[in-house]
>>> print(open('upload.cif').read())   # mmCIF, C-alpha atoms and all ligand atoms
data_upload
loop_
_atom_site.label_atom_id
_atom_site.label_comp_id
_atom_site.auth_asym_id
_atom_site.auth_seq_id
_atom_site.Cartn_x
_atom_site.Cartn_y
_atom_site.Cartn_z
CA MET A 1 60.82 71.25 114.88
CA GLY A 2 60.04 71.48 111.16
CA PHE A 3 62.68 69.06 109.94
CA GLN A 4 63.36 65.35 110.05
CA ARG A 5 65.81 64.35 112.75
CA LYS A 6 68.85 62.76 111.17
CA ALA A 7 70.19 59.42 112.33
CA ALA A 8 72.17 59.65 115.54
CA SER A 9 75.89 60.13 115.08
CA TRP A 10 78.38 57.43 115.78
CA ASP A 11 79.72 58.35 119.19
CA PRO A 12 83.40 57.64 119.72
CA PRO A 13 84.13 55.11 122.49
CA TRP A 14 86.29 57.60 124.36
CA ALA A 15 83.30 59.92 124.89
CA ALA A 16 81.89 59.24 128.35
CA ARG A 17 79.06 61.70 127.75
CA VAL A 18 77.53 63.35 124.66
CA GLU A 19 75.63 66.62 125.15
CA PRO A 20 73.51 68.03 122.30
CA LEU A 21 74.13 71.76 121.74
CA HIS A 22 72.49 72.59 118.42
CA GLU A 23 70.69 70.81 115.60
CA SER A 24 69.27 72.10 112.33
CA GLU A 25 68.71 70.65 108.86
CA ARG A 26 72.30 71.56 108.00
CA THR A 27 74.26 71.01 111.16
CA ARG A 28 74.43 69.05 114.39
CA VAL A 29 76.70 70.24 117.19
CA THR A 30 77.44 68.13 120.27
CA ARG A 31 79.86 68.28 123.17
CA LEU A 32 81.87 65.09 123.64
CA VAL A 33 83.03 64.77 127.20
CA SER A 34 85.83 62.36 128.10
CA GLU A 35 87.98 61.70 131.13
CA VAL A 36 90.51 64.26 129.98
CA GLY A 37 88.19 67.10 128.98
CA SER A 38 85.72 67.95 126.25
CA VAL A 39 85.64 68.77 122.55
CA ILE A 40 82.91 70.12 120.30
CA ARG A 41 81.81 67.97 117.39
CA LYS A 42 80.26 69.85 114.46
CA GLU A 43 78.63 67.62 111.83
CA PRO A 44 77.50 69.20 108.59
CA LEU A 45 74.34 67.38 107.43
CA GLY A 46 72.49 67.12 104.11
CA PRO A 47 73.55 66.88 100.48
CA SER A 48 76.49 69.30 100.51
CA ALA A 49 77.79 68.15 103.89
CA ARG A 50 81.17 66.86 102.65
CA ARG A 51 81.93 70.03 100.73
CA ARG A 52 80.94 72.24 103.67
CA LEU A 53 83.02 70.15 106.06
CA ARG A 54 86.10 70.41 103.83
CA HIS A 55 85.57 74.15 103.44
CA GLU A 56 85.25 74.86 107.15
CA VAL A 57 88.24 72.68 108.01
CA GLU A 58 90.35 74.49 105.40
CA ILE A 59 89.43 77.88 106.88
CA LEU A 60 90.05 76.66 110.43
CA GLU A 61 93.48 75.38 109.42
CA ARG A 62 94.35 78.88 108.20
CA LEU A 63 93.27 80.23 111.58
CA SER A 64 95.34 77.78 113.62
CA GLY A 65 96.78 79.61 116.63
CA ALA A 66 94.83 82.83 116.02
CA GLU A 67 93.53 84.34 119.23
CA GLY A 68 89.79 84.67 119.89
CA VAL A 69 88.65 82.40 117.06
CA ALA A 70 87.54 78.76 117.10
CA GLN A 71 90.36 76.24 116.92
CA LEU A 72 90.48 72.68 115.65
CA ALA A 73 90.82 70.36 118.64
CA ALA A 74 94.47 69.41 119.07
CA GLY A 75 95.28 65.72 119.29
CA ALA A 76 91.68 64.47 119.32
CA ALA A 77 91.06 61.15 117.56
CA PRO A 78 89.23 61.81 114.29
CA SER A 79 85.46 61.46 114.23
CA PRO A 80 84.22 60.63 110.70
CA GLY A 81 82.12 63.27 108.96
CA SER A 82 82.74 65.79 111.72
CA ILE A 83 84.88 68.71 112.69
CA LEU A 84 86.32 68.45 116.18
CA LEU A 85 86.82 71.82 117.84
CA ALA A 86 88.37 73.02 121.06
CA ASP A 87 85.55 73.59 123.53
CA VAL A 88 85.18 77.27 124.37
CA GLY A 89 82.72 76.42 127.15
CA GLY A 90 80.25 79.11 128.14
CA THR A 91 77.33 80.09 125.90
CA ALA A 92 76.61 81.92 122.67
CA LEU A 93 76.19 85.68 123.08
CA SER A 94 72.69 85.30 121.59
CA GLU A 95 71.70 83.66 124.88
CA SER A 96 72.62 86.79 126.87
CA VAL A 97 70.17 89.46 127.89
CA MET A 98 70.46 92.32 125.40
CA PRO A 99 71.50 95.07 125.33
CA LEU A 100 74.64 94.36 127.28
CA ASP A 101 75.53 96.85 129.97
CA ARG A 102 78.51 99.15 129.51
CA ALA A 103 80.91 96.85 131.41
CA GLY A 104 79.80 93.78 129.48
CA LEU A 105 80.13 95.59 126.18
CA GLY A 106 83.56 96.99 127.09
CA GLY A 107 84.82 93.55 128.04
CA LEU A 108 83.85 92.05 124.69
CA ALA A 109 84.53 94.80 122.18
CA GLY A 110 88.34 94.93 122.48
CA PRO A 111 89.02 91.18 122.35
CA LEU A 112 86.49 90.78 119.55
CA ALA A 113 88.07 93.56 117.48
CA ARG A 114 91.51 91.96 117.98
CA ALA A 115 90.12 88.56 116.96
CA VAL A 116 88.62 90.02 113.77
CA ALA A 117 91.86 91.85 112.98
CA GLY A 118 93.90 88.66 113.49
CA MET A 119 91.52 86.73 111.26
CA HIS A 120 91.78 89.37 108.52
CA ARG A 121 95.59 89.30 108.75
CA ARG A 122 95.34 85.62 107.85
CA GLY A 123 93.24 86.51 104.84
CA VAL A 124 89.95 85.19 106.18
CA MET A 125 86.63 87.03 106.18
CA HIS A 126 83.95 85.56 108.47
CA ARG A 127 80.86 86.99 106.71
CA ASP A 128 78.43 86.03 109.46
CA ILE A 129 79.47 87.76 112.66
CA ASN A 130 76.36 87.82 114.82
CA PRO A 131 75.56 86.98 118.46
CA ALA A 132 74.90 83.29 117.71
CA ASN A 133 78.43 82.98 116.33
CA ILE A 134 80.20 84.51 119.31
CA VAL A 135 80.66 82.16 122.25
CA VAL A 136 81.58 83.81 125.52
CA SER A 137 83.65 81.53 127.75
CA ASP A 138 82.90 81.12 131.45
CA ARG A 139 85.76 83.56 132.06
CA GLY A 140 84.10 86.18 129.84
CA ALA A 141 86.38 85.86 126.79
CA PRO A 142 84.61 86.05 123.42
CA CYS A 143 85.43 83.55 120.70
CA LEU A 144 84.28 83.77 117.08
CA ILE A 145 82.91 80.45 115.87
CA ASP A 146 81.20 79.05 112.77
CA PHE A 147 83.30 79.51 109.65
CA ALA A 148 80.74 77.84 107.39
CA LEU A 149 80.28 81.04 105.36
CA ALA A 150 83.83 82.33 105.76
CA THR A 151 85.96 82.91 102.74
CA ARG A 152 89.44 83.93 101.79
CA PHE A 153 89.78 87.56 100.66
CA THR A 154 90.84 86.66 97.16
CA VAL A 155 87.73 84.56 96.54
CA VAL A 156 85.19 87.35 97.04
CA GLN A 157 84.01 88.96 93.80
CA PRO A 158 83.09 92.62 94.18
CA GLY A 159 79.83 93.80 92.66
CA PHE A 160 76.22 94.52 93.49
CA VAL A 161 74.58 91.94 95.74
CA HIS A 162 70.81 91.95 96.03
CA HIS A 163 69.74 91.66 99.68
CA THR A 164 68.11 88.28 98.94
CA GLU A 165 71.51 86.94 97.86
CA ALA A 166 73.60 88.55 100.58
CA VAL A 167 75.58 86.04 102.62
CA GLY A 168 75.23 86.26 106.39
CA THR A 169 72.61 87.30 108.92
CA LEU A 170 70.75 90.35 107.61
CA PRO A 171 70.59 92.64 110.68
CA TYR A 172 74.32 92.15 111.20
CA LEU A 173 75.59 92.63 107.64
CA ALA A 174 78.13 95.38 107.04
CA PRO A 175 76.80 97.91 104.48
CA ASP A 176 79.42 96.93 101.90
CA ARG A 177 78.10 93.36 101.92
CA THR A 178 75.00 94.60 100.09
CA ARG A 179 76.92 97.29 98.20
CA ARG A 180 74.43 99.89 99.35
CA ARG A 181 77.35 102.16 100.10
CA HIS A 182 80.61 102.50 98.26
CA VAL A 183 82.81 102.26 101.29
CA ALA A 184 84.71 99.05 101.54
CA ASP A 185 87.29 99.51 104.22
CA VAL A 186 87.38 97.93 107.62
CA LEU A 187 85.37 100.78 109.16
CA THR A 188 82.24 99.52 107.46
CA SER A 189 82.32 96.40 109.59
CA LEU A 190 82.18 98.43 112.80
CA PRO A 191 78.42 99.08 112.85
CA SER A 192 77.70 95.39 112.28
CA SER A 193 80.29 94.36 114.86
CA ARG A 194 78.72 96.79 117.30
CA ALA A 195 75.28 95.38 116.51
CA SER A 196 76.64 91.91 117.16
CA VAL A 197 77.47 92.72 120.74
CA THR A 198 74.58 95.09 121.48
CA GLY A 199 71.89 93.00 119.80
CA GLY A 200 71.35 95.86 117.35
CA ARG A 201 70.10 98.28 120.04
N1 LIG B 1 83.95 75.68 119.81
C1 LIG B 1 82.76 75.77 120.44
N2 LIG B 1 82.72 75.86 121.79
C2 LIG B 1 81.54 75.94 122.45
N3 LIG B 1 80.34 75.94 121.85
C3 LIG B 1 80.30 75.84 120.51
C4 LIG B 1 81.51 75.75 119.73
N4 LIG B 1 81.19 75.66 118.42
C5 LIG B 1 79.84 75.68 118.38
N5 LIG B 1 79.30 75.79 119.62
C6 LIG B 1 77.85 75.85 119.96
O1 LIG B 1 77.09 75.30 118.89
C7 LIG B 1 76.21 76.29 118.33
C8 LIG B 1 76.10 76.12 116.83
O2 LIG B 1 77.39 76.14 116.23
P1 LIG B 1 77.65 76.81 114.81
O3 LIG B 1 77.31 78.27 114.88
O4 LIG B 1 79.03 76.47 114.39
O5 LIG B 1 76.59 76.06 113.90
P2 LIG B 1 75.92 76.65 112.56
O6 LIG B 1 76.88 76.50 111.42
O7 LIG B 1 75.40 78.02 112.84
O8 LIG B 1 74.69 75.71 112.34
P3 LIG B 1 73.56 75.93 111.20
O9 LIG B 1 74.09 75.29 109.96
O10 LIG B 1 72.36 75.26 111.79
O11 LIG B 1 73.36 77.42 111.03
C9 LIG B 1 76.80 77.62 118.78
O12 LIG B 1 75.84 78.67 118.87
C10 LIG B 1 77.39 77.28 120.14
O13 LIG B 1 76.38 77.29 121.13
MG MG B 2 76.25 79.62 113.62
#
>>> encode(input="upload.cif", output="structure tokens", more="lines below")
Ligand SMILES: Nc1ncnc2c1ncn2[C@@H]1O[C@H](COP(=O)(O)OP(=O)(O)OP(=O)(O)O)[C@@H](O)[C@H]1O
Ligand SMILES: [Mg+2]
Amino acid sequence: MGFQRKAASWDPPWAARVEPLHESERTRVTRLVSEVGSVIRKEPLGPSARRRLRHEVEILERLSGAEGVAQLAAGAAPSPGSILLADVGGTALSESVMPLDRAGLGGLAGPLARAVAGMHRRGVMHRDINPANIVVSDRGAPCLIDFALATRFTVVQPGFVHHTEAVGTLPYLAPDRTRRRHVADVLTSLPSSRASVTGGR
């Protein structure tokens, strides 16, 4: 990999097993398995780590109890410098063979649309819905994860955004995110949501 591996995290004594799930320059994600179950530990890394951690926790607190979106782990002992999340299990949709067949697509689209609607009702915009940020549980239920780029509605400033400055994952951006069209209602997010579950095909 093209980046320096950061020092290993301090693993809490209650974790009988630690499974690495993802590591980049910005983030390390591990599964902490204990006698009573498992939680996901997300550690922002690098210079702005503390700010990003605070931001994601604040968004997740707003989404407490919302269906189909990542949840802070209830009752887990704190792990310094990390966010502890309920373990969705399963794998990211980006690991699935694309395009999904009709049944697979049908099973994800409804729950995902309801999750996005619930998130919007709480005033949160995800801004990076793409297959790597949708984890499908072993029972086939999709869950939106990764609120690193999420924001509250009131914080977003309208205006032209050059594609090099657009926030999110380019093939999955809604047209209004680049202001290439002057339509800014919820319908504009449908093509990108569809692309997120079909892999853009
Ligand atoms: N609650 C969860 N349950 C199960 N798996 C998870 C959970 N949260 C994260 N993961 C796993 O960890 C991976 C990375 O998580 P996440 O998308 O939050 O990191 P990231 O912010 O994209 O990292 P980076 O900063 O490198 O882009 C996911 O694709 C998924 O496989
Ligand atoms: Mg992600």
>>> residues_around(input="upload.cif", residues="segment 64-76 of chain A", least_positions_apart="3", cutoff="6 Å", atoms="all atoms listed in the file", output="list in words")
Glu61, Leu84, Leu85, Ala86, Ala115, Cys143, Leu144 and Ile145 of chain A
>>> closest_residue(input="upload.cif", among="A:Tyr172, A:Trp10, A:Phe147, A:Phe153", to="Leu60 of chain A", atoms="all atoms listed in the file")
A:Phe147
>>> atom_distance(input="upload.cif", atom1="atom CA of Ala49 of chain A", atom2="atom CA of Arg26 of chain A")
7.7 Å
>>> residues_around(input="upload.cif", residues="Thr30 of chain A", least_positions_apart="4", cutoff="9 Å", atoms="all atoms listed in the file", output="PyMOL selection string")
chain A and resi 18-23+39-43
>>> residues_around(input="upload.cif", residues="Asp146 of chain A", least_positions_apart="2", cutoff="12 Å", atoms="only C-alpha atoms", output="PDB file with C-alpha atoms, keeping the file's coordinate frame")
ATOM      1  CA  THR A  27      74.260  71.010 111.160  1.00  0.00           C
ATOM      2  CA  VAL A  29      76.700  70.240 117.190  1.00  0.00           C
ATOM      3  CA  ILE A  40      82.910  70.120 120.300  1.00  0.00           C
ATOM      4  CA  LYS A  42      80.260  69.850 114.460  1.00  0.00           C
ATOM      5  CA  GLU A  43      78.630  67.620 111.830  1.00  0.00           C
ATOM      6  CA  PRO A  44      77.500  69.200 108.590  1.00  0.00           C
ATOM      7  CA  ARG A  52      80.940  72.240 103.670  1.00  0.00           C
ATOM      8  CA  LEU A  53      83.020  70.150 106.060  1.00  0.00           C
ATOM      9  CA  HIS A  55      85.570  74.150 103.440  1.00  0.00           C
ATOM     10  CA  GLU A  56      85.250  74.860 107.150  1.00  0.00           C
ATOM     11  CA  VAL A  57      88.240  72.680 108.010  1.00  0.00           C
ATOM     12  CA  ILE A  59      89.430  77.880 106.880  1.00  0.00           C
ATOM     13  CA  LEU A  60      90.050  76.660 110.430  1.00  0.00           C
ATOM     14  CA  VAL A  69      88.650  82.400 117.060  1.00  0.00           C
ATOM     15  CA  ALA A  70      87.540  78.760 117.100  1.00  0.00           C
ATOM     16  CA  GLN A  71      90.360  76.240 116.920  1.00  0.00           C
ATOM     17  CA  LEU A  72      90.480  72.680 115.650  1.00  0.00           C
ATOM     18  CA  ILE A  83      84.880  68.710 112.690  1.00  0.00           C
ATOM     19  CA  LEU A  85      86.820  71.820 117.840  1.00  0.00           C
ATOM     20  CA  ALA A  92      76.610  81.920 122.670  1.00  0.00           C
ATOM     21  CA  MET A 125      86.630  87.030 106.180  1.00  0.00           C
ATOM     22  CA  HIS A 126      83.950  85.560 108.470  1.00  0.00           C
ATOM     23  CA  ARG A 127      80.860  86.990 106.710  1.00  0.00           C
ATOM     24  CA  ASP A 128      78.430  86.030 109.460  1.00  0.00           C
ATOM     25  CA  ILE A 129      79.470  87.760 112.660  1.00  0.00           C
ATOM     26  CA  ASN A 130      76.360  87.820 114.820  1.00  0.00           C
ATOM     27  CA  PRO A 131      75.560  86.980 118.460  1.00  0.00           C
ATOM     28  CA  ALA A 132      74.900  83.290 117.710  1.00  0.00           C
ATOM     29  CA  ASN A 133      78.430  82.980 116.330  1.00  0.00           C
ATOM     30  CA  ILE A 134      80.200  84.510 119.310  1.00  0.00           C
ATOM     31  CA  VAL A 135      80.660  82.160 122.250  1.00  0.00           C
ATOM     32  CA  CYS A 143      85.430  83.550 120.700  1.00  0.00           C
ATOM     33  CA  LEU A 144      84.280  83.770 117.080  1.00  0.00           C
ATOM     34  CA  ALA A 148      80.740  77.840 107.390  1.00  0.00           C
ATOM     35  CA  LEU A 149      80.280  81.040 105.360  1.00  0.00           C
ATOM     36  CA  ALA A 150      83.830  82.330 105.760  1.00  0.00           C
ATOM     37  CA  THR A 151      85.960  82.910 102.740  1.00  0.00           C
ATOM     38  CA  GLY A 168      75.230  86.260 106.390  1.00  0.00           C
TER      39      GLY A 168
END
>>> closest_residue(input="upload.cif", among="A:Gly118, A:Gly46, A:Pro171, A:Gly37", to="Arg62 of chain A", atoms="all atoms listed in the file")
A:Gly118
>>> closest_residue(input="upload.cif", among="A:Gly110, A:Gly81, A:Gly89, A:Pro12", to="ligand LIG 1 (chain B)", atoms="only C-alpha atoms and all ligand atoms")
A:Gly89
>>> atom_distance(input="upload.cif", atom1="atom CA of Ser34 of chain A", atom2="atom CA of Asp138 of chain A")
19.3 Å
>>> atom_distance(input="upload.cif", atom1="atom CA of Leu112 of chain A", atom2="atom CA of Ala141 of chain A")
8.8 Å
>>> closest_residue(input="upload.cif", among="A:Leu105, A:Val124, A:Ser137, A:Ser24", to="ligand MG 2 (chain B)", atoms="only C-alpha atoms and all ligand atoms")
A:Ser24
>>> closest_residue(input="upload.cif", among="A:Ser96, A:Ser48, A:Thr91, A:Ser82", to="ligand LIG 1 (chain B)", atoms="all atoms listed in the file")
A:Thr91
>>> axis_aligned_box(input="upload.cif", around="ligand LIG 1 (chain B)", padding_each_side="8 Å", output="lines of an AutoDock Vina configuration file")
center_x = 78.2
center_y = 77.0
center_z = 116.2
size_x = 27.6
size_y = 19.4
size_z = 28.5
